[in-house]
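Below is target.tsv, which holds TSV, C-alpha atoms.
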```tsv
chain	number	residue	atom	x	y	z
A	1052	MET	CA	84.71	168.52	95.21
A	1053	LYS	CA	84.67	165.07	96.75
A	1054	LEU	CA	81.81	163.38	98.50
A	1055	SER	CA	81.83	163.32	102.28
A	1056	LEU	CA	83.49	160.14	103.53
A	1057	ILE	CA	80.52	159.38	105.81
A	1058	ILE	CA	78.05	159.69	102.96
A	1059	LEU	CA	80.37	157.83	100.59
A	1060	PHE	CA	80.75	154.83	102.88
A	1061	ALA	CA	77.01	154.73	103.47
A	1062	ILE	CA	76.35	154.75	99.75
A	1063	LEU	CA	78.92	152.14	98.86
A	1064	SER	CA	77.73	149.79	101.57
A	1065	LEU	CA	74.46	149.37	99.72
A	1066	SER	CA	75.99	147.24	96.98
A	1067	ALA	CA	79.19	145.48	96.02
A	1068	PHE	CA	81.50	146.35	93.15
A	1069	ARG	CA	82.08	142.79	92.03
A	1070	ALA	CA	80.13	140.66	89.56
A	1071	ASN	CA	77.30	140.03	92.00
A	1072	SER	CA	76.53	143.74	92.28
A	1073	GLN	CA	72.80	144.46	92.21
A	1074	MET	CA	73.26	147.30	89.72
A	1075	SER	CA	74.82	146.32	86.43
A	1076	ALA	CA	76.84	148.75	84.36
A	1077	ASP	CA	74.12	149.04	81.71
A	1078	GLN	CA	71.40	150.24	84.09
A	1079	THR	CA	71.33	153.83	82.96
A	1080	ALA	CA	69.07	156.48	84.45
A	1081	PRO	CA	67.18	159.19	82.56
A	1082	GLU	CA	69.16	162.37	81.97
A	1083	THR	CA	66.29	164.57	83.18
A	1084	ILE	CA	63.90	163.99	86.07
A	1085	VAL	CA	60.90	166.21	86.75
A	1086	SER	CA	59.10	165.41	90.01
A	1087	GLN	CA	56.18	166.86	91.90
A	1088	SER	CA	56.75	168.19	95.41
A	1089	PRO	CA	54.40	169.32	98.15
A	1090	LEU	CA	56.90	172.01	99.12
A	1091	SER	CA	57.17	175.60	98.06
A	1092	LYS	CA	60.11	176.92	96.08
A	1093	SER	CA	61.61	178.59	99.16
A	1094	ASP	CA	61.32	175.43	101.27
A	1095	GLN	CA	62.90	173.35	98.54
A	1096	TRP	CA	65.75	175.83	98.19
A	1097	HIS	CA	66.42	175.69	101.92
A	1098	ASN	CA	66.38	171.87	101.81
A	1099	LEU	CA	68.61	171.85	98.74
A	1100	LYS	CA	71.25	173.97	100.46
A	1101	ARG	CA	71.12	171.72	103.50
A	1102	TRP	CA	71.36	168.60	101.30
A	1103	VAL	CA	74.54	169.92	99.68
A	1104	ALA	CA	76.06	170.71	103.08
A	1105	LEU	CA	75.30	167.21	104.41
A	1106	THR	CA	76.25	165.29	101.25
A	1107	PHE	CA	79.55	166.90	100.25
A	1108	ASP	CA	82.71	167.84	102.11
A	1109	ASN	CA	82.25	171.51	101.33
A	1110	SER	CA	80.22	173.92	99.24
A	1111	ASN	CA	82.89	174.14	96.53
A	1112	VAL	CA	80.82	171.63	94.55
A	1113	ILE	CA	78.35	174.46	93.88
A	1114	ASP	CA	79.50	175.93	90.59
A	1115	MET	CA	76.60	178.35	90.25
A	1116	GLU	CA	73.48	179.25	92.24
A	1117	ASP	CA	70.63	181.70	91.80
A	1118	GLU	CA	68.20	181.65	94.73
A	1119	GLN	CA	65.78	184.04	93.05
A	1120	ARG	CA	65.35	181.76	90.04
A	1121	GLY	CA	65.76	178.60	92.09
A	1122	THR	CA	68.66	177.22	90.06
A	1123	MET	CA	71.82	175.47	91.23
A	1124	VAL	CA	74.65	173.76	89.36
A	1125	ILE	CA	76.62	171.12	91.25
A	1126	LYS	CA	79.83	169.58	89.93
A	1127	TRP	CA	80.90	166.54	91.92
A	1128	SER	CA	83.61	163.91	91.70
A	1129	CYS	CA	84.53	160.82	93.65
A	1130	PRO	CA	87.62	158.56	93.52
A	1131	VAL	CA	87.00	154.91	92.65
A	1132	LYS	CA	89.08	152.14	94.19
A	1133	LEU	CA	90.42	149.78	91.54
A	1134	ASP	CA	92.27	146.48	91.71
A	1135	SER	CA	95.36	147.96	90.10
A	1136	GLU	CA	98.64	149.36	91.35
A	1137	CYS	CA	99.02	151.76	88.43
A	1138	ILE	CA	95.49	152.89	87.46
A	1139	ASN	CA	93.28	155.32	89.35
A	1140	ALA	CA	89.77	156.35	88.33
A	1141	THR	CA	87.40	159.17	89.23
A	1142	ALA	CA	83.64	159.30	88.77
A	1143	ILE	CA	82.52	162.77	87.66
A	1144	SER	CA	79.14	164.35	86.98
A	1145	THR	CA	77.25	167.64	86.92
A	1146	TYR	CA	73.77	168.22	88.34
A	1147	LEU	CA	71.58	171.10	87.18
A	1148	ILE	CA	68.76	171.50	89.70
A	1149	ASP	CA	65.77	173.82	89.32
A	1150	VAL	CA	63.14	174.21	92.05
A	1151	ARG	CA	59.70	175.73	91.59
A	1152	ASP	CA	56.57	175.81	93.70
A	1153	GLY	CA	55.26	172.24	93.74
A	1154	LYS	CA	57.94	170.67	91.56
A	1155	TYR	CA	61.65	170.35	90.82
A	1156	ARG	CA	63.82	169.29	87.90
A	1157	LEU	CA	67.15	167.48	87.99
A	1158	GLN	CA	69.33	167.29	84.88
A	1159	ARG	CA	72.44	165.11	84.78
A	1160	ILE	CA	75.10	166.57	82.53
A	1161	ASN	CA	78.19	164.83	81.19
A	1162	PRO	CA	78.60	161.92	83.62
A	1163	ARG	CA	81.99	160.37	82.92
A	1164	ILE	CA	84.93	158.38	84.19
A	1165	SER	CA	88.45	159.82	84.27
A	1166	PHE	CA	91.40	157.39	84.34
A	1167	GLN	CA	94.84	158.34	85.65
A	1168	PHE	CA	98.14	156.47	85.42
A	1169	ILE	CA	100.37	156.34	88.47
A	1170	LYS	CA	103.81	154.92	89.17
A	1171	PRO	CA	104.10	153.19	92.56
A	1172	ASP	CA	106.86	154.53	94.78
A	1173	VAL	CA	108.36	151.06	95.12
A	1174	TYR	CA	108.06	150.13	91.44
A	1175	GLU	CA	111.77	149.31	91.21
A	1176	GLU	CA	111.24	146.62	93.85
A	1177	PHE	CA	108.49	144.82	91.93
A	1178	ASP	CA	109.14	141.30	90.72
A	1179	GLN	CA	108.48	140.37	87.09
A	1180	VAL	CA	104.91	139.26	87.75
A	1181	ARG	CA	103.86	142.54	89.42
A	1182	ALA	CA	105.71	144.63	86.85
A	1183	ALA	CA	104.04	142.72	84.01
A	1184	GLN	CA	100.60	143.28	85.55
A	1185	LEU	CA	101.22	147.02	85.60
A	1186	THR	CA	102.12	146.90	81.93
A	1187	PHE	CA	98.99	144.88	81.11
A	1188	ASP	CA	96.73	147.33	82.98
A	1189	ILE	CA	98.24	150.36	81.25
A	1190	ARG	CA	97.94	148.73	77.84
A	1191	LEU	CA	94.31	147.80	78.55
A	1192	ILE	CA	93.19	151.33	79.39
A	1193	ASN	CA	95.38	152.96	76.75
A	1194	GLY	CA	94.15	150.55	74.08
A	1195	ILE	CA	90.47	151.18	74.81
A	1196	ALA	CA	91.07	154.93	74.94
A	1197	THR	CA	92.75	154.80	71.52
A	1198	ARG	CA	90.26	152.50	69.82
A	1199	VAL	CA	86.99	153.83	71.26
A	1200	PHE	CA	87.42	157.28	72.79
A	1201	GLY	CA	89.79	159.04	70.42
A	1202	GLY	CA	92.76	158.71	72.75
A	1203	ALA	CA	91.00	160.44	75.66
A	1204	PHE	CA	91.16	159.08	79.19
A	1205	GLU	CA	87.85	160.64	80.18
A	1206	TRP	CA	85.16	158.21	79.03
A	1207	PRO	CA	81.53	159.37	78.82
A	1208	ALA	CA	79.07	157.14	80.65
A	1209	ASP	CA	77.24	156.33	77.43
A	1210	GLU	CA	76.51	153.43	75.10
A	1211	ARG	CA	80.11	153.24	73.89
A	1212	TYR	CA	81.31	152.52	77.41
A	1213	ASP	CA	78.50	149.98	77.85
A	1214	GLU	CA	79.55	148.24	74.62
A	1215	VAL	CA	83.16	148.02	75.78
A	1216	ILE	CA	82.11	146.40	79.05
A	1217	ALA	CA	79.78	144.01	77.22
A	1218	ALA	CA	82.60	142.94	74.89
A	1219	TYR	CA	84.95	142.12	77.76
A	1220	ARG	CA	82.13	140.35	79.58
A	1221	GLU	CA	81.53	138.25	76.46
A	1222	ASP	CA	85.21	137.32	76.34
A	1223	LEU	CA	85.04	136.24	79.96
A	1224	SER	CA	81.88	134.22	79.41
A	1225	GLY	CA	83.52	132.33	76.56
A	1226	MET	CA	86.37	131.09	78.74
A	1227	GLN	CA	86.57	128.00	80.91
A	1228	GLN	CA	87.08	129.01	84.52
A	1229	TYR	CA	88.74	125.64	85.22
A	1230	ARG	CA	90.94	123.79	82.78
A	1231	THR	CA	90.07	120.33	84.08
A	1232	ASP	CA	87.63	118.65	86.44
A	1233	ARG	CA	90.55	118.15	88.80
A	1234	ASP	CA	91.20	121.89	88.83
A	1235	ARG	CA	87.51	122.48	89.56
A	1236	GLU	CA	87.65	120.14	92.55
A	1237	ARG	CA	90.74	121.90	93.83
A	1238	GLY	CA	89.30	125.36	93.12
A	1239	LYS	CA	92.22	126.18	90.84
A	1240	ILE	CA	91.05	128.89	88.44
A	1241	SER	CA	92.90	129.20	85.13
A	1242	ASP	CA	95.28	132.13	84.68
A	1243	ASP	CA	93.57	133.16	81.44
A	1244	TRP	CA	90.19	133.37	83.17
A	1245	LYS	CA	91.65	135.38	86.05
A	1246	LYS	CA	93.19	137.83	83.61
A	1247	ALA	CA	89.96	138.24	81.65
A	1248	GLU	CA	87.96	138.72	84.84
A	1249	HIS	CA	90.47	141.28	86.09
A	1250	ASN	CA	90.24	143.25	82.83
A	1251	TRP	CA	86.43	143.21	82.90
A	1252	GLN	CA	86.31	144.43	86.48
A	1253	LEU	CA	88.95	147.10	85.89
A	1254	ILE	CA	86.91	148.82	83.20
A	1255	ARG	CA	83.47	147.99	84.67
A	1256	THR	CA	83.93	149.02	88.30
A	1257	PRO	CA	84.21	152.79	87.68
A	1258	LEU	CA	81.00	152.95	85.64
A	1259	VAL	CA	79.06	150.79	88.09
A	1260	THR	CA	80.32	152.97	90.93
A	1261	LEU	CA	79.29	156.16	89.15
A	1262	ARG	CA	75.78	154.84	88.58
A	1263	GLN	CA	75.42	153.53	92.11
A	1264	LEU	CA	76.53	156.86	93.56
A	1265	ASP	CA	74.21	158.71	91.21
A	1266	ALA	CA	71.21	156.53	92.09
A	1267	SER	CA	71.82	156.96	95.82
A	1268	MET	CA	72.25	160.72	95.56
A	1269	VAL	CA	69.17	161.14	93.37
A	1270	ASN	CA	67.09	159.24	95.91
A	1271	SER	CA	68.54	161.32	98.73
A	1272	LEU	CA	67.92	164.54	96.81
A	1273	ASN	CA	64.33	163.54	96.11
A	1274	ASN	CA	63.71	162.98	99.81
A	1275	ALA	CA	65.21	166.37	100.60
A	1276	LEU	CA	63.03	168.18	98.04
A	1277	THR	CA	59.75	166.44	98.82
A	1278	GLN	CA	59.78	166.01	102.60
A	1279	ASN	CA	59.28	168.95	104.93
A	1280	ASP	CA	61.11	168.89	108.25
A	1281	ASP	CA	59.00	171.22	110.40
A	1282	PHE	CA	60.88	170.52	113.61
```
Would you give me this structure, written as structure tokens?
Amino acid sequence: MKLSLIILFAILSLSAFRANSQMSADQTAPETIVSQSPLSKSDQWHNLKRWVALTFDNSNVIDMEDEQRGTMVIKWSCPVKLDSECINATAISTYLIDVRDGKYRLQRINPRISFQFIKPDVYEEFDQVRAAQLTFDIRLINGIATRVFGGAFEWPADERYDEVIAAYREDLSGMQQYRTDRDRERGKISDDWKKAEHNWQLIRTPLVTLRQLDASMVNSLNNALTQNDDF
């Protein structure tokens, strides 16, 4: 179900995951896109099948297809690298694609982030600082899941998730990055600011990644369904 590594690296190279990323977490895309195409239904279907083959590792992402009606359901997922030794995340979404003569429709269904807890193999060798950070990360995700998402660790990419990110961003903005002018000169960032920035990035990065991947794939899909390769 995972994206091809070649395609994934090409997509992720377009933008960074940190605070200077060009796409912010609240830049949502419309759930449904209807676009005109100069291609026939059969040509679009051929291009759609080729797009799936070139974009994903295998065709298992195709959950349902009906060539006669021109309908395909794609369920994709992609792991997200996080700055945590105990938290993994996965970006997940479903595409419902319909092609017709001269047009196509893309519907995004249930885009979401799934969080997983892991225990490092060498956990027993961690010092107190590393062990404490693992505890903080677990409490962060577990606390948000309990307060906002009914205890679930799959978070819909909706306004609730955006509000959580905004709240942690506000906390970060209200903190002094340097305790004193001397610390500023030395580039010594306060521990409290580092912790707040880490928390913000930990919950923000998966959603930004999902939306960046989605935007890149939608653009790629549009090119596939509107450009005829008559080679």
Practice task
Compare A:Lys1100, A:Arg1198, A:Arg1220, A:Lys1092 by their minimum atom-to-atom distance to Tyr1155 (chain A), counting all atoms listed in the file, and give me the closest one.
Solution key: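 Of all the options, A:Lys1092 lies closest to Tyr1155 (chain A).
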What are the closest atom pairs, with distances in Å to one decimal, for all residues of region 1185-1228 of chain A lying within 9 Å of region 1235-1245 of chain A? Consider all atoms listed in the file, order rows by chain and residue number, and present the result as CSV.
```
residue,atom,partner,partner_atom,distance
A:Leu1223,CA,A:Trp1244,CA,6.7
A:Met1226,CA,A:Trp1244,CA,6.3
A:Gln1227,CA,A:Trp1244,CA,6.9
A:Gln1228,CA,A:Trp1244,CA,5.5
```
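Distance-wise, CA of Cys1129 (chain A) and CA of Ile1143 (chain A) end up 6.6 Å apart.
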Would you mind completing region 1085-1106 of chain A so that it carries N, CA and C atoms, and writing it out as a PDB file, in the coordinates of the input?
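The resulting file, part-v5.pdb, is reproduced below:
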```
ATOM      1  N   VAL A1085      61.805 165.168  86.273  1.00  0.00           N
ATOM      2  CA  VAL A1085      60.900 166.210  86.750  1.00  0.00           C
ATOM      3  C   VAL A1085      59.931 165.550  87.731  1.00  0.00           C
ATOM      4  N   SER A1086      59.921 166.029  88.970  1.00  0.00           N
ATOM      5  CA  SER A1086      59.100 165.410  90.010  1.00  0.00           C
ATOM      6  C   SER A1086      58.238 166.456  90.705  1.00  0.00           C
ATOM      7  N   GLN A1087      57.077 166.008  91.129  1.00  0.00           N
ATOM      8  CA  GLN A1087      56.180 166.860  91.900  1.00  0.00           C
ATOM      9  C   GLN A1087      56.664 166.909  93.349  1.00  0.00           C
ATOM     10  N   SER A1088      56.381 168.025  94.014  1.00  0.00           N
ATOM     11  CA  SER A1088      56.750 168.190  95.410  1.00  0.00           C
ATOM     12  C   SER A1088      55.664 168.957  96.147  1.00  0.00           C
ATOM     13  N   PRO A1089      55.387 168.563  97.377  1.00  0.00           N
ATOM     14  CA  PRO A1089      54.400 169.320  98.150  1.00  0.00           C
ATOM     15  C   PRO A1089      54.963 170.620  98.726  1.00  0.00           C
ATOM     16  N   LEU A1090      56.237 170.866  98.506  1.00  0.00           N
ATOM     17  CA  LEU A1090      56.900 172.010  99.120  1.00  0.00           C
ATOM     18  C   LEU A1090      56.921 173.223  98.201  1.00  0.00           C
ATOM     19  N   SER A1091      57.031 174.356  98.817  1.00  0.00           N
ATOM     20  CA  SER A1091      57.170 175.600  98.060  1.00  0.00           C
ATOM     21  C   SER A1091      58.588 175.707  97.527  1.00  0.00           C
ATOM     22  N   LYS A1092      58.779 176.666  96.643  1.00  0.00           N
ATOM     23  CA  LYS A1092      60.110 176.920  96.080  1.00  0.00           C
ATOM     24  C   LYS A1092      61.103 177.282  97.180  1.00  0.00           C
ATOM     25  N   SER A1093      60.686 178.151  98.102  1.00  0.00           N
ATOM     26  CA  SER A1093      61.610 178.590  99.160  1.00  0.00           C
ATOM     27  C   SER A1093      61.975 177.442 100.092  1.00  0.00           C
ATOM     28  N   ASP A1094      61.018 176.581 100.412  1.00  0.00           N
ATOM     29  CA  ASP A1094      61.320 175.430 101.270  1.00  0.00           C
ATOM     30  C   ASP A1094      62.251 174.451 100.558  1.00  0.00           C
ATOM     31  N   GLN A1095      62.021 174.229  99.290  1.00  0.00           N
ATOM     32  CA  GLN A1095      62.900 173.350  98.540  1.00  0.00           C
ATOM     33  C   GLN A1095      64.320 173.918  98.457  1.00  0.00           C
ATOM     34  N   TRP A1096      64.418 175.219  98.279  1.00  0.00           N
ATOM     35  CA  TRP A1096      65.750 175.830  98.190  1.00  0.00           C
ATOM     36  C   TRP A1096      66.507 175.660  99.506  1.00  0.00           C
ATOM     37  N   HIS A1097      65.807 175.887 100.602  1.00  0.00           N
ATOM     38  CA  HIS A1097      66.420 175.690 101.920  1.00  0.00           C
ATOM     39  C   HIS A1097      66.885 174.236 102.066  1.00  0.00           C
ATOM     40  N   ASN A1098      66.026 173.288 101.699  1.00  0.00           N
ATOM     41  CA  ASN A1098      66.380 171.870 101.810  1.00  0.00           C
ATOM     42  C   ASN A1098      67.517 171.494 100.866  1.00  0.00           C
ATOM     43  N   LEU A1099      67.539 172.120  99.700  1.00  0.00           N
ATOM     44  CA  LEU A1099      68.610 171.850  98.740  1.00  0.00           C
ATOM     45  C   LEU A1099      69.953 172.299  99.292  1.00  0.00           C
ATOM     46  N   LYS A1100      70.002 173.481  99.878  1.00  0.00           N
ATOM     47  CA  LYS A1100      71.250 173.970 100.460  1.00  0.00           C
ATOM     48  C   LYS A1100      71.708 173.059 101.600  1.00  0.00           C
ATOM     49  N   ARG A1101      70.766 172.611 102.400  1.00  0.00           N
ATOM     50  CA  ARG A1101      71.120 171.720 103.500  1.00  0.00           C
ATOM     51  C   ARG A1101      71.592 170.371 102.967  1.00  0.00           C
ATOM     52  N   TRP A1102      70.963 169.882 101.904  1.00  0.00           N
ATOM     53  CA  TRP A1102      71.360 168.600 101.300  1.00  0.00           C
ATOM     54  C   TRP A1102      72.799 168.671 100.795  1.00  0.00           C
ATOM     55  N   VAL A1103      73.161 169.760 100.160  1.00  0.00           N
ATOM     56  CA  VAL A1103      74.540 169.920  99.680  1.00  0.00           C
ATOM     57  C   VAL A1103      75.508 169.902 100.853  1.00  0.00           C
ATOM     58  N   ALA A1104      75.173 170.624 101.914  1.00  0.00           N
ATOM     59  CA  ALA A1104      76.060 170.710 103.080  1.00  0.00           C
ATOM     60  C   ALA A1104      76.255 169.347 103.734  1.00  0.00           C
ATOM     61  N   LEU A1105      75.222 168.512 103.751  1.00  0.00           N
ATOM     62  CA  LEU A1105      75.300 167.210 104.410  1.00  0.00           C
ATOM     63  C   LEU A1105      75.875 166.125 103.506  1.00  0.00           C
ATOM     64  N   THR A1106      75.832 166.334 102.197  1.00  0.00           N
ATOM     65  CA  THR A1106      76.250 165.290 101.250  1.00  0.00           C
ATOM     66  C   THR A1106      77.711 165.430 100.857  1.00  0.00           C
TER      67      THR A1106
END
```
